[in-house]
file input14.tsv (TSV, C-alpha atoms)
chain	number	residue	atom	x	y	z
I	1	MET	CA	10.85	3.32	28.79
I	2	THR	CA	11.38	7.01	29.26
I	3	GLY	CA	7.77	8.06	29.78
I	4	THR	CA	4.54	6.89	31.38
I	5	ASN	CA	1.91	8.71	29.31
I	6	ARG	CA	0.34	5.52	28.02
I	7	SER	CA	0.75	1.87	28.92
I	8	PRO	CA	1.83	-0.49	26.10
I	9	ALA	CA	-1.73	-1.85	26.00
I	10	GLU	CA	-3.20	1.64	25.67
I	11	LEU	CA	-0.74	2.62	22.96
I	12	GLN	CA	-1.48	-0.57	21.03
I	13	GLU	CA	-5.19	0.15	21.30
I	14	VAL	CA	-4.68	3.65	19.88
I	15	LEU	CA	-2.74	2.26	16.90
I	16	CYS	CA	-5.34	-0.44	16.22
I	17	ARG	CA	-8.31	1.91	16.55
I	18	LEU	CA	-6.74	4.38	14.14
I	19	THR	CA	-5.99	1.57	11.67
I	20	THR	CA	-9.64	0.52	11.79
I	21	GLU	CA	-10.74	4.09	11.14
I	22	ALA	CA	-8.35	4.51	8.21
I	23	THR	CA	-9.37	1.17	6.69
I	24	ALA	CA	-13.01	2.23	6.85
I	25	ILE	CA	-12.35	5.10	4.40
I	26	ASP	CA	-13.61	3.51	1.18
I	27	VAL	CA	-11.42	5.09	-1.49
I	28	ARG	CA	-13.06	2.82	-4.09
I	29	HIS	CA	-16.27	4.81	-3.73
I	30	PHE	CA	-14.57	7.92	-5.14
I	31	GLU	CA	-13.16	6.29	-8.28
I	32	GLN	CA	-16.46	6.83	-10.10
I	33	PHE	CA	-16.14	10.59	-9.52
I	34	VAL	CA	-12.58	10.62	-10.84
I	35	ILE	CA	-13.71	8.91	-14.04
I	36	ALA	CA	-16.52	11.47	-14.33
I	37	GLN	CA	-14.02	14.31	-13.64
I	38	ASN	CA	-16.10	15.43	-10.66
I	39	VAL	CA	-13.71	16.57	-7.95
I	40	ARG	CA	-16.29	17.96	-5.51
I	41	PRO	CA	-17.08	14.73	-3.61
I	42	LEU	CA	-13.37	14.17	-3.10
I	43	ILE	CA	-12.86	17.65	-1.65
I	44	ARG	CA	-16.06	17.52	0.41
I	45	GLU	CA	-15.76	13.97	1.80
I	46	LEU	CA	-12.48	12.21	1.05
I	47	VAL	CA	-9.97	14.94	1.89
I	48	PRO	CA	-11.42	15.78	5.36
I	49	ALA	CA	-11.60	12.09	6.27
I	50	VAL	CA	-8.00	11.46	5.24
I	51	LYS	CA	-6.75	14.62	6.99
I	52	SER	CA	-8.49	13.55	10.18
I	53	VAL	CA	-6.79	10.15	10.35
I	54	LEU	CA	-3.43	11.70	9.41
I	55	GLU	CA	-3.70	14.16	12.29
I	56	GLN	CA	-4.67	11.38	14.68
I	57	GLY	CA	-1.84	9.25	13.35
I	58	ILE	CA	0.71	12.01	13.90
I	59	GLY	CA	-0.57	12.40	17.47
I	60	SER	CA	-0.40	8.68	18.26
I	61	LEU	CA	3.13	8.44	16.86
I	62	ASP	CA	4.13	11.41	19.03
I	63	LEU	CA	3.22	9.24	22.01
I	64	ALA	CA	5.47	6.42	20.81
I	65	CYS	CA	8.36	8.82	20.16
I	66	GLN	CA	8.01	10.28	23.67
I	67	GLN	CA	7.85	6.91	25.42
I	68	TYR	CA	10.64	5.06	23.64
I	69	GLU	CA	14.23	6.10	22.99
I	70	GLY	CA	15.33	6.04	19.34
I	71	SER	CA	18.42	6.68	17.25
I	72	GLY	CA	17.95	10.42	16.95
I	73	GLU	CA	16.55	12.57	14.17
I	74	ASP	CA	19.79	13.03	12.22
I	75	GLU	CA	20.70	9.36	12.05
I	76	VAL	CA	17.23	8.14	11.07
I	77	GLY	CA	16.63	11.05	8.73
I	78	GLU	CA	19.77	10.31	6.73
I	79	SER	CA	18.96	6.61	6.39
I	80	LEU	CA	15.55	7.05	4.74
I	81	SER	CA	14.47	9.23	1.85
I	82	GLU	CA	10.91	10.33	1.09
I	83	LYS	CA	10.72	8.03	-1.94
I	84	ASP	CA	12.15	5.09	0.01
I	85	PHE	CA	9.54	5.07	2.79
I	86	TYR	CA	8.05	1.60	2.29
I	87	ARG	CA	11.26	-0.32	1.77
I	88	GLY	CA	12.88	1.81	4.47
I	89	ILE	CA	10.25	0.65	6.95
I	90	ASP	CA	10.95	-2.93	5.88
I	91	ARG	CA	14.67	-2.43	6.51
I	92	LEU	CA	14.02	-1.01	10.00
I	93	MET	CA	11.84	-4.03	10.76
I	94	GLU	CA	14.70	-6.34	9.77
I	95	SER	CA	17.68	-4.46	11.20
I	96	GLN	CA	16.53	-3.23	14.59
I	97	ARG	CA	14.92	-4.55	17.77
I	98	GLY	CA	13.70	-3.18	21.07
I	99	GLU	CA	12.60	0.32	21.98
I	100	ARG	CA	14.95	1.87	19.44
I	101	GLN	CA	13.05	0.10	16.69
I	102	ILE	CA	9.70	1.34	18.03
I	103	ALA	CA	10.89	4.95	18.29
I	104	ASP	CA	12.62	4.98	14.88
I	105	LEU	CA	9.61	3.48	13.12
I	106	ALA	CA	7.33	5.99	14.84
I	107	PHE	CA	9.62	8.90	13.94
I	108	VAL	CA	9.94	7.93	10.26
I	109	THR	CA	6.20	7.32	9.87
I	110	ARG	CA	5.29	10.55	11.69
I	111	ARG	CA	7.60	12.55	9.43
I	112	ALA	CA	6.08	10.91	6.33
I	113	LEU	CA	2.52	11.63	7.48
I	114	ILE	CA	3.30	15.28	8.19
I	115	ALA	CA	4.75	15.65	4.68
I	116	LYS	CA	1.73	13.94	3.12
I	117	LYS	CA	-0.71	16.08	5.08
I	118	GLU	CA	1.00	19.26	3.89
I	119	THR	CA	0.92	18.03	0.28
I	120	LEU	CA	-2.75	17.12	0.59
I	121	GLU	CA	-3.60	20.59	1.89
I	122	ARG	CA	-1.74	22.24	-1.00
I	123	LEU	CA	-3.24	20.01	-3.68
I	124	ALA	CA	-6.79	20.38	-2.36
I	125	SER	CA	-6.76	24.06	-3.31
I	126	HIS	CA	-5.97	23.35	-7.00
I	127	PRO	CA	-6.97	19.73	-7.47
I	128	ARG	CA	-7.16	17.32	-10.36
I	129	PRO	CA	-9.44	14.40	-9.46
I	130	ASP	CA	-6.95	11.66	-10.38
I	131	GLU	CA	-4.06	13.35	-8.55
I	132	LEU	CA	-6.19	13.91	-5.46
I	133	LEU	CA	-7.33	10.27	-5.40
I	134	GLU	CA	-3.77	9.06	-5.84
I	135	LEU	CA	-2.51	11.28	-3.03
I	136	ALA	CA	-5.32	10.25	-0.65
I	137	SER	CA	-4.60	6.58	-1.38
I	138	SER	CA	-0.89	7.15	-0.75
I	139	CYS	CA	-1.62	8.90	2.56
I	140	LEU	CA	-3.72	6.01	3.79
I	141	ARG	CA	-1.26	3.36	2.64
I	142	ARG	CA	1.64	5.07	4.41
I	143	LEU	CA	-0.39	5.43	7.57
I	144	LEU	CA	-1.46	1.76	7.53
I	145	LYS	CA	2.08	0.57	6.79
I	146	GLY	CA	3.54	2.66	9.62
I	147	MET	CA	0.86	1.73	12.16
I	148	ALA	CA	1.35	-1.98	11.48
I	149	ALA	CA	5.13	-1.66	11.77
I	150	VAL	CA	5.04	0.27	15.05
I	151	GLU	CA	2.45	-2.09	16.54
I	152	SER	CA	4.50	-5.14	15.53
I	153	ALA	CA	7.68	-3.69	17.07
I	154	LEU	CA	5.78	-2.64	20.21
I	155	CYS	CA	4.31	-6.11	20.67
I	156	SER	CA	7.69	-7.77	20.16
I	157	TYR	CA	9.34	-5.55	22.77
I	158	GLU	CA	6.49	-5.55	25.30
I	159	ARG	CA	5.59	-9.24	24.75
I	160	ARG	CA	2.07	-8.62	23.53
I	161	ASP	CA	-0.01	-10.37	20.87
I	162	VAL	CA	0.08	-8.67	17.47
I	163	ARG	CA	-3.32	-7.59	16.19
I	164	LEU	CA	-2.59	-5.76	12.93
I	165	GLY	CA	-0.01	-7.89	11.16
I	166	PHE	CA	2.93	-6.38	9.28
I	167	VAL	CA	3.43	-7.15	5.57
I	168	THR	CA	6.67	-6.47	3.71
I	169	GLU	CA	6.64	-4.79	0.31
I	170	VAL	CA	7.99	-7.85	-1.46
I	171	HIS	CA	5.25	-10.05	0.02
I	172	ARG	CA	2.61	-7.50	-0.97
I	173	ALA	CA	4.02	-7.28	-4.50
I	174	ILE	CA	4.08	-11.09	-4.83
I	175	GLU	CA	0.40	-11.25	-3.87
I	176	ILE	CA	-0.53	-8.47	-6.33
I	177	ARG	CA	1.38	-10.21	-9.12
I	178	ARG	CA	-0.50	-13.43	-8.32
I	179	LEU	CA	-3.80	-11.53	-8.37
I	180	TYR	CA	-2.96	-10.02	-11.76
I	181	ALA	CA	-1.97	-13.45	-13.10
I	182	LYS	CA	-5.33	-14.91	-12.15
I	183	PHE	CA	-7.11	-11.99	-13.78
I	184	ARG	CA	-5.07	-12.44	-16.97
I	185	ALA	CA	-5.94	-16.14	-17.02
I	186	ASN	CA	-9.65	-15.28	-16.72
I	187	VAL	CA	-9.35	-12.94	-19.70
I	188	LEU	CA	-6.96	-14.83	-21.98
I	189	ASP	CA	-7.74	-18.53	-21.38
I	190	GLY	CA	-9.28	-19.94	-24.54
I	191	GLY	CA	-7.47	-17.60	-26.89
I	192	GLU	CA	-9.05	-14.76	-28.82
I	193	PRO	CA	-12.81	-15.29	-29.12
I	194	THR	CA	-14.91	-15.17	-32.26
I	195	THR	CA	-18.02	-13.04	-32.74
I	196	ALA	CA	-20.02	-16.14	-31.75
I	197	ASP	CA	-18.46	-16.61	-28.30
I	198	VAL	CA	-17.23	-13.14	-27.35
I	199	GLU	CA	-20.36	-12.35	-25.29
I	200	PRO	CA	-19.88	-15.13	-22.69
I	201	ARG	CA	-16.17	-14.24	-22.53
I	202	LEU	CA	-17.01	-10.62	-21.75
I	203	ARG	CA	-19.47	-11.75	-19.08
I	204	ARG	CA	-16.66	-13.77	-17.53
I	205	VAL	CA	-14.49	-10.64	-17.62
I	206	ALA	CA	-17.23	-8.60	-15.91
I	207	VAL	CA	-17.34	-11.13	-13.07
I	208	ALA	CA	-13.53	-11.17	-12.81
I	209	ILE	CA	-13.36	-7.37	-12.53
I	210	ALA	CA	-16.10	-7.32	-9.88
I	211	GLN	CA	-14.19	-9.93	-7.87
I	212	LEU	CA	-10.94	-8.00	-8.20
I	213	VAL	CA	-12.54	-4.71	-7.09
I	214	GLY	CA	-13.86	-6.49	-4.01
I	215	HIS	CA	-10.55	-8.13	-3.17
I	216	ASP	CA	-8.66	-7.16	-0.02
I	217	LEU	CA	-5.61	-6.25	-2.11
I	218	TYR	CA	-7.50	-3.88	-4.41
I	219	GLY	CA	-6.62	-0.84	-2.31
I	220	ASP	CA	-2.90	-1.68	-2.70
I	221	LEU	CA	-3.03	-1.51	-6.50
I	222	ARG	CA	-1.73	1.57	-8.24
I	223	VAL	CA	-4.45	4.18	-8.70
I	224	HIS	CA	-3.74	4.23	-12.45
I	225	ASP	CA	-4.42	0.47	-12.66
I	226	ARG	CA	-7.57	0.77	-10.54
I	227	LEU	CA	-8.96	3.49	-12.78
I	228	GLN	CA	-8.17	1.39	-15.84
I	229	PHE	CA	-10.08	-1.53	-14.33
I	230	ARG	CA	-13.01	0.78	-13.62
I	231	GLU	CA	-12.99	2.17	-17.17
I	232	ILE	CA	-12.99	-1.33	-18.64
I	233	GLN	CA	-15.77	-2.32	-16.24
I	234	ARG	CA	-17.78	0.70	-17.41
I	235	ARG	CA	-17.26	-0.24	-21.06
I	236	VAL	CA	-18.17	-3.91	-20.53
I	237	LEU	CA	-21.35	-3.04	-18.62
I	238	GLY	CA	-22.21	-0.42	-21.27
I	239	HIS	CA	-21.76	-3.06	-23.96
I	240	PHE	CA	-24.32	-5.32	-22.32
I	241	ALA	CA	-26.69	-2.42	-21.71
I	242	ASP	CA	-26.71	-1.62	-25.44
I	243	ASP	CA	-29.79	-3.14	-27.05
I	244	ASN	CA	-28.12	-3.39	-30.44
I	245	PRO	CA	-24.30	-3.50	-30.21
I	246	GLY	CA	-22.32	-3.71	-33.44
I	247	GLU	CA	-21.19	-7.16	-34.50
I	248	LYS	CA	-17.51	-6.34	-34.00
I	249	ASP	CA	-17.88	-4.06	-30.97
I	250	GLY	CA	-17.48	-6.94	-28.54
I	251	LEU	CA	-14.35	-8.19	-30.27
I	252	ARG	CA	-12.84	-4.71	-30.29
I	253	LEU	CA	-13.59	-4.37	-26.57
I	254	TYR	CA	-12.03	-7.76	-25.86
I	255	GLN	CA	-8.89	-6.85	-27.80
I	256	ASP	CA	-8.49	-3.63	-25.79
I	257	LEU	CA	-8.92	-5.63	-22.61
I	258	ALA	CA	-6.34	-8.22	-23.70
I	259	CYS	CA	-3.80	-5.44	-24.36
I	260	PHE	CA	-4.43	-4.01	-20.89
I	261	THR	CA	-3.96	-7.37	-19.19
I	262	GLU	CA	-0.56	-7.72	-20.85
I	263	LEU	CA	0.46	-4.31	-19.49
I	264	LEU	CA	-0.22	-5.65	-15.98
I	265	ARG	CA	2.87	-7.85	-16.43
I	266	GLU	CA	4.97	-4.71	-15.97
I	267	ILE	CA	4.73	-5.31	-12.23
I	268	ARG	CA	7.72	-7.63	-12.67
I	269	TYR	CA	9.94	-4.55	-12.97
I	270	ARG	CA	9.39	-3.51	-9.36
I	271	ALA	CA	12.76	-3.41	-7.66
I	272	GLU	CA	11.73	-5.57	-4.70
I	273	LEU	CA	10.32	-8.23	-7.03
I	274	ARG	CA	13.39	-8.31	-9.25
I	275	GLU	CA	15.63	-8.84	-6.22
I	276	HIS	CA	13.36	-11.57	-4.87
I	277	ASP	CA	12.98	-13.30	-8.24
I	278	GLN	CA	16.69	-13.29	-9.07
I	279	ALA	CA	17.61	-14.71	-5.66
I	280	LEU	CA	14.94	-17.43	-5.83
I	281	LEU	CA	15.85	-18.43	-9.40
I	282	ALA	CA	19.52	-18.69	-8.42
I	283	SER	CA	18.81	-20.94	-5.44
I	284	ALA	CA	16.28	-23.05	-7.40
I	285	THR	CA	18.61	-23.71	-10.33
I	286	ALA	CA	21.37	-24.62	-7.89
I	287	ALA	CA	19.04	-27.06	-6.13
I	288	LEU	CA	18.05	-28.75	-9.40
I	289	GLN	CA	21.54	-29.32	-10.82
I	290	PRO	CA	23.26	-31.87	-8.52
I	291	ALA	CA	20.59	-34.61	-8.34
I	292	ALA	CA	20.42	-37.48	-10.85
I	293	GLU	CA	16.70	-38.30	-10.54
I	294	ASN	CA	14.22	-36.55	-12.84
I	295	ASP	CA	11.50	-35.78	-10.29
I	296	VAL	CA	11.19	-32.23	-8.99
I	297	PRO	CA	10.96	-31.99	-5.18
I	298	PRO	CA	7.47	-30.78	-4.11
I	299	SER	CA	9.15	-28.43	-1.62
I	300	LEU	CA	10.89	-26.64	-4.50
I	301	LEU	CA	7.64	-26.22	-6.44
I	302	LYS	CA	6.11	-24.77	-3.29
I	303	ARG	CA	8.93	-22.20	-3.09
I	304	LEU	CA	8.55	-21.36	-6.77
I	305	ALA	CA	4.86	-20.53	-6.21
I	306	SER	CA	5.90	-16.99	-5.26
I	307	LEU	CA	6.93	-16.52	-8.93
I	308	GLU	CA	3.38	-17.04	-10.19
I	309	GLY	CA	2.57	-14.42	-12.80
I	310	LEU	CA	6.20	-13.82	-13.81
I	311	ASP	CA	6.40	-16.32	-16.69
I	312	ALA	CA	3.63	-18.06	-18.66
I	313	GLU	CA	5.56	-21.33	-19.07
I	314	LEU	CA	6.37	-21.59	-15.38
I	315	ASP	CA	2.75	-20.74	-14.53
I	316	CYS	CA	1.64	-23.80	-16.49
I	317	VAL	CA	3.97	-25.94	-14.37
I	318	LEU	CA	2.79	-24.35	-11.12
I	319	ARG	CA	-0.87	-24.81	-12.07
I	320	LYS	CA	-0.10	-28.41	-13.11
I	321	HIS	CA	-1.23	-27.93	-16.69
I	322	PHE	CA	1.72	-30.15	-17.51
I	323	GLN	CA	4.27	-32.10	-15.49
I	324	ALA	CA	7.83	-30.82	-15.85
I	325	GLY	CA	10.78	-33.04	-15.08
I	326	ARG	CA	13.96	-31.75	-13.54
I	327	GLU	CA	15.67	-30.95	-16.86
I	328	ALA	CA	12.60	-29.23	-18.32
I	329	LEU	CA	12.13	-27.09	-15.22
I	330	LEU	CA	15.83	-26.24	-15.13
I	331	ARG	CA	15.62	-25.06	-18.74
I	332	ILE	CA	12.65	-22.81	-17.89
I	333	LEU	CA	14.35	-21.31	-14.84
I	334	ARG	CA	17.62	-20.67	-16.68
I	335	ARG	CA	15.76	-18.89	-19.47
I	336	MET	CA	13.97	-16.76	-16.87
I	337	GLN	CA	17.31	-15.90	-15.26
I	338	VAL	CA	18.64	-14.66	-18.57
I	339	GLU	CA	15.52	-12.59	-19.25
I	340	LEU	CA	15.66	-11.00	-15.81
I	341	SER	CA	19.29	-10.07	-16.42
I	342	GLY	CA	18.15	-7.81	-19.26
I	343	ALA	CA	18.90	-10.06	-22.21
I	344	THR	CA	16.53	-11.06	-25.02
I	345	VAL	CA	15.94	-14.78	-25.53
I	346	PHE	CA	15.69	-16.28	-29.04
I	347	LEU	CA	14.97	-19.78	-30.34
I	348	ASP	CA	17.37	-21.29	-32.89
I	349	GLN	CA	16.35	-23.75	-35.62
I	350	SER	CA	16.71	-26.72	-33.28
I	351	GLY	CA	14.32	-25.21	-30.75
I	352	SER	CA	17.05	-24.36	-28.24
I	353	TRP	CA	17.20	-20.85	-26.85
I	354	PHE	CA	20.10	-18.47	-26.78
I	355	ALA	CA	20.46	-14.99	-25.32
I	356	MET	CA	21.51	-11.65	-26.76
I	357	ALA	CA	22.19	-8.75	-24.44
I	358	ARG	CA	20.00	-5.69	-24.94
I	359	ALA	CA	21.56	-2.41	-25.86
I	360	THR	CA	19.65	-0.77	-23.03
I	361	SER	CA	18.02	-2.36	-20.03
I	362	THR	CA	14.38	-1.89	-19.16
I	363	ALA	CA	13.70	-0.10	-15.90
I	364	GLY	CA	10.70	1.15	-14.08
I	365	GLY	CA	7.98	-0.01	-11.74
I	366	ALA	CA	4.33	-0.77	-11.62
call {"tool": "encode", "arguments": {"input": "input14.tsv", "output": "structure tokens"}}
result
Amino acid sequence: MTGTNRSPAELQEVLCRLTTEATAIDVRHFEQFVIAQNVRPLIRELVPAVKSVLEQGIGSLDLACQQYEGSGEDEVGESLSEKDFYRGIDRLMESQRGERQIADLAFVTRRALIAKKETLERLASHPRPDELLELASSCLRRLLKGMAAVESALCSYERRDVRLGFVTEVHRAIEIRRLYAKFRANVLDGGEPTTADVEPRLRRVAVAIAQLVGHDLYGDLRVHDRLQFREIQRRVLGHFADDNPGEKDGLRLYQDLACFTELLREIRYRAELREHDQALLASATAALQPAAENDVPPSLLKRLASLEGLDAELDCVLRKHFQAGREALLRILRRMQVELSGATVFLDQSGSWFAMARATSTAGGA
């Protein structure tokens, strides 16, 4: 320690108090104004609240930088880019220990918050509601990620109990993919409805959206996805409020919803998920090949649970809609490996699949 401004307990309390304050900013409340293209509540209420916690966050991270010795601005600055903040924090959590880790995490997070605060101030003078909401959400997420990382490193070094809990980006993405998979199942189970049963299906959708909006992970979803959920929620509720909806209106609404749920599968293109999925599929296929018995080890199925939402056939196995033997599961996992490599899978006349490489690979994130 190179300073005595705050004790470890006091510094931890500052980080936790600020996290509580940032978490209390209910960004969900402002989504209705974005849909209505009303930017005033965001400028009047959301922007000042976010700026306040950013300023406090910058001040608390100053304390950590002063009290712990890090790598130095040049070395840390070169190792992390602005766009690589989240995964960069994850790498620092894995690669470093001790007071250097605390100081480097604090420095990187402080720099990111200063940049976000400056961007927020510029955008607030010529705002678009959706851009302002997205920026405010990004500010809060960076602050919460950094606070949790610094507190975790501080507690490890000073031998204190962690209160916030640090979550890696791959773990967060796995949980979001699982959440999306459950939502898709709520929408798509039972196939496309008829005019006779579309109303109860839409009521089920309305409940599923309400549950998703209230979920702890909702704030981690992309703003674009959240606004899409809100728009669909508005349309579903409007459908039920209509005293005399057209006979095919409900079906048309359901079809739009089904298309949107399929777009949620694009989360599989996130870089951290692709790396995780490819590594897990490689180790799982290797584990299945040597043994002679047909049963699949329960421990392997438990590991494969982190792939829920990636593939419909594997989801059926994981949810125990059918029992898959070793050979059947190996076939599924090998097909998934090929698809993740960027090839297209086809079925031949015998029902066996073969792969053809794509001319161009699909890239992007969700």
call {"tool": "closest_atom_pairs", "arguments": {"input": "input14.tsv", "of": "range 237-348 of chain I", "to": "range 170-193 of chain I", "cutoff": "12 Å", "atoms": "all atoms listed in the file", "output": "tab-separated table"}}
result
residue	atom	partner	partner_atom	distance
I:Lys248	CA	I:Pro193	CA	11.2
I:Gly250	CA	I:Pro193	CA	9.6
I:Leu251	CA	I:Pro193	CA	7.4
I:Arg252	CA	I:Pro193	CA	10.6
I:Leu253	CA	I:Pro193	CA	11.2
I:Tyr254	CA	I:Glu192	CA	8.2
I:Gln255	CA	I:Glu192	CA	8.0
I:Asp256	CA	I:Val187	CA	11.2
I:Leu257	CA	I:Val187	CA	7.9
I:Ala258	CA	I:Leu188	CA	6.9
I:Cys259	CA	I:Leu188	CA	10.2
I:Phe260	CA	I:Arg184	CA	9.3
I:Thr261	CA	I:Arg184	CA	5.6
I:Glu262	CA	I:Arg184	CA	7.6
I:Leu263	CA	I:Arg184	CA	10.2
I:Leu264	CA	I:Tyr180	CA	6.7
I:Arg265	CA	I:Tyr180	CA	7.8
I:Glu266	CA	I:Arg177	CA	9.5
I:Ile267	CA	I:Arg177	CA	6.7
I:Arg268	CA	I:Arg177	CA	7.7
I:Tyr269	CA	I:Ala173	CA	10.7
I:Arg270	CA	I:Ala173	CA	8.2
I:Ala271	CA	I:Val170	CA	9.0
I:Glu272	CA	I:Val170	CA	5.4
I:Leu273	CA	I:Val170	CA	6.0
I:Arg274	CA	I:Val170	CA	9.5
I:Glu275	CA	I:Val170	CA	9.1
I:His276	CA	I:Val170	CA	7.4
I:Asp277	CA	I:Ile174	CA	9.8
I:Leu304	CA	I:Ile174	CA	11.4
I:Ala305	CA	I:Arg178	CA	9.1
I:Ser306	CA	I:Ile174	CA	6.2
I:Leu307	CA	I:Ile174	CA	7.4
I:Glu308	CA	I:Arg178	CA	5.6
I:Gly309	CA	I:Ala181	CA	4.7
I:Leu310	CA	I:Arg177	CA	7.6
I:Asp311	CA	I:Ala181	CA	9.5
I:Ala312	CA	I:Ala181	CA	9.1
I:Leu314	CA	I:Ala181	CA	11.9
I:Asp315	CA	I:Ala181	CA	8.8
I:Cys316	CA	I:Ala185	CA	10.8
I:Leu318	CA	I:Arg178	CA	11.7
I:Arg319	CA	I:Lys182	CA	10.9
call {"tool": "closest_residue", "arguments": {"input": "input14.tsv", "among": "I:Ser137, I:Arg303, I:Leu329, I:Val317", "to": "Phe30 in chain I", "atoms": "all atoms listed in the file"}}
result
I:Ser137
call {"tool": "residues_around", "arguments": {"input": "input14.tsv", "residues": "Arg160 in chain I", "least_positions_apart": "2", "cutoff": "12 Å", "atoms": "all atoms listed in the file", "output": "short mmCIF file (atom, residue, chain, number, x, y, z; two decimals) with C-alpha atoms, in the frame of the given file"}}
result
data_model
loop_
_atom_site.label_atom_id
_atom_site.label_comp_id
_atom_site.auth_asym_id
_atom_site.auth_seq_id
_atom_site.Cartn_x
_atom_site.Cartn_y
_atom_site.Cartn_z
CA SER I 7 0.75 1.87 28.92
CA PRO I 8 1.83 -0.49 26.10
CA ALA I 9 -1.73 -1.85 26.00
CA GLU I 10 -3.20 1.64 25.67
CA LEU I 11 -0.74 2.62 22.96
CA GLN I 12 -1.48 -0.57 21.03
CA GLU I 13 -5.19 0.15 21.30
CA GLU I 151 2.45 -2.09 16.54
CA SER I 152 4.50 -5.14 15.53
CA ALA I 153 7.68 -3.69 17.07
CA LEU I 154 5.78 -2.64 20.21
CA CYS I 155 4.31 -6.11 20.67
CA SER I 156 7.69 -7.77 20.16
CA TYR I 157 9.34 -5.55 22.77
CA GLU I 158 6.49 -5.55 25.30
CA VAL I 162 0.08 -8.67 17.47
CA ARG I 163 -3.32 -7.59 16.19
CA LEU I 164 -2.59 -5.76 12.93
#
call {"tool": "residues_around", "arguments": {"input": "input14.tsv", "residues": "Val39 in chain I", "least_positions_apart": "6", "cutoff": "10 Å", "atoms": "all atoms listed in the file", "output": "ChimeraX atom specification"}}
result
/I:30,33,124,127-130,132-133
call {"tool": "residues_near_point", "arguments": {"input": "input14.tsv", "point": "(6.3, 6.6, 4.4)", "cutoff": "10 Å", "atoms": "only C-alpha atoms", "output": "VMD selection string"}}
result
chain I and resid 80 to 89 105 108 to 116 138 to 139 141 to 146
call {"tool": "atom_distance", "arguments": {"input": "input14.tsv", "atom1": "CA of Leu120 in chain I", "atom2": "CA of Arg230 in chain I"}}
result
24.0 Å
call {"tool": "atom_distance", "arguments": {"input": "input14.tsv", "atom1": "CA of Val167 in chain I", "atom2": "CA of Leu92 in chain I"}}
result
13.0 Å
call {"tool": "residues_near_point", "arguments": {"input": "input14.tsv", "point": "(-15.0, 12.0, -4.9)", "cutoff": "8 Å", "atoms": "only C-alpha atoms", "output": "list in words"}}
result
His29, Phe30, Glu31, Gln32, Phe33, Val34, Asn38, Val39, Arg40, Pro41, Leu42, Ile43, Arg44, Glu45, Leu46, Pro129 and Leu133 of chain I
call {"tool": "residues_around", "arguments": {"input": "input14.tsv", "residues": "range 294-301 of chain I", "least_positions_apart": "6", "cutoff": "9 Å", "atoms": "all atoms listed in the file", "output": "number ranges by chain"}}
result
I: 284, 287-288, 317-318, 324-327, 329
call {"tool": "write_last_selection", "arguments": {"input": "input14.tsv", "atoms": "C-alpha atoms", "output": "compact mmCIF listing (two decimals), keeping the file's coordinate frame"}}
result
# COMPACT_ATOMS: atom_id res chain seq x y z
CA ALA I 284 16.28 -23.05 -7.40
CA ALA I 287 19.04 -27.06 -6.13
CA LEU I 288 18.05 -28.75 -9.40
CA VAL I 317 3.97 -25.94 -14.37
CA LEU I 318 2.79 -24.35 -11.12
CA ALA I 324 7.83 -30.82 -15.85
CA GLY I 325 10.78 -33.04 -15.08
CA ARG I 326 13.96 -31.75 -13.54
CA GLU I 327 15.67 -30.95 -16.86
CA LEU I 329 12.13 -27.09 -15.22
call {"tool": "atom_distance", "arguments": {"input": "input14.tsv", "atom1": "CA of Ala36 in chain I", "atom2": "CA of Ala210 in chain I"}}
result
19.3 Å
call {"tool": "closest_residue", "arguments": {"input": "input14.tsv", "among": "I:Leu140, I:Pro48, I:Gln96, I:Ala64", "to": "Thr19 in chain I", "atoms": "all atoms listed in the file"}}
result
I:Leu140
call {"tool": "build_atoms", "arguments": {"input": "input14.tsv", "residues": "range 30-38 of chain I", "atoms": "N, CA and C atoms", "output": "PDB file, in the frame of the given file"}}
result
ATOM      1  N   PHE I  30     -14.841   6.644  -4.471  1.00  0.00           N
ATOM      2  CA  PHE I  30     -14.570   7.920  -5.140  1.00  0.00           C
ATOM      3  C   PHE I  30     -13.993   7.743  -6.543  1.00  0.00           C
ATOM      4  N   GLU I  31     -13.712   6.512  -6.942  1.00  0.00           N
ATOM      5  CA  GLU I  31     -13.160   6.290  -8.280  1.00  0.00           C
ATOM      6  C   GLU I  31     -14.160   6.673  -9.371  1.00  0.00           C
ATOM      7  N   GLN I  32     -15.439   6.464  -9.116  1.00  0.00           N
ATOM      8  CA  GLN I  32     -16.460   6.830 -10.100  1.00  0.00           C
ATOM      9  C   GLN I  32     -16.451   8.343 -10.365  1.00  0.00           C
ATOM     10  N   PHE I  33     -16.167   9.135  -9.347  1.00  0.00           N
ATOM     11  CA  PHE I  33     -16.140  10.590  -9.520  1.00  0.00           C
ATOM     12  C   PHE I  33     -14.893  11.030 -10.286  1.00  0.00           C
ATOM     13  N   VAL I  34     -13.798  10.308 -10.094  1.00  0.00           N
ATOM     14  CA  VAL I  34     -12.580  10.620 -10.840  1.00  0.00           C
ATOM     15  C   VAL I  34     -12.806  10.361 -12.327  1.00  0.00           C
ATOM     16  N   ILE I  35     -13.422   9.234 -12.644  1.00  0.00           N
ATOM     17  CA  ILE I  35     -13.710   8.910 -14.040  1.00  0.00           C
ATOM     18  C   ILE I  35     -14.639   9.954 -14.659  1.00  0.00           C
ATOM     19  N   ALA I  36     -15.584  10.444 -13.849  1.00  0.00           N
ATOM     20  CA  ALA I  36     -16.520  11.470 -14.330  1.00  0.00           C
ATOM     21  C   ALA I  36     -15.941  12.877 -14.238  1.00  0.00           C
ATOM     22  N   GLN I  37     -14.683  13.008 -13.788  1.00  0.00           N
ATOM     23  CA  GLN I  37     -14.020  14.310 -13.640  1.00  0.00           C
ATOM     24  C   GLN I  37     -14.785  15.248 -12.709  1.00  0.00           C
ATOM     25  N   ASN I  38     -15.355  14.665 -11.653  1.00  0.00           N
ATOM     26  CA  ASN I  38     -16.100  15.430 -10.660  1.00  0.00           C
ATOM     27  C   ASN I  38     -15.299  15.429  -9.352  1.00  0.00           C
TER      28      ASN I  38
END
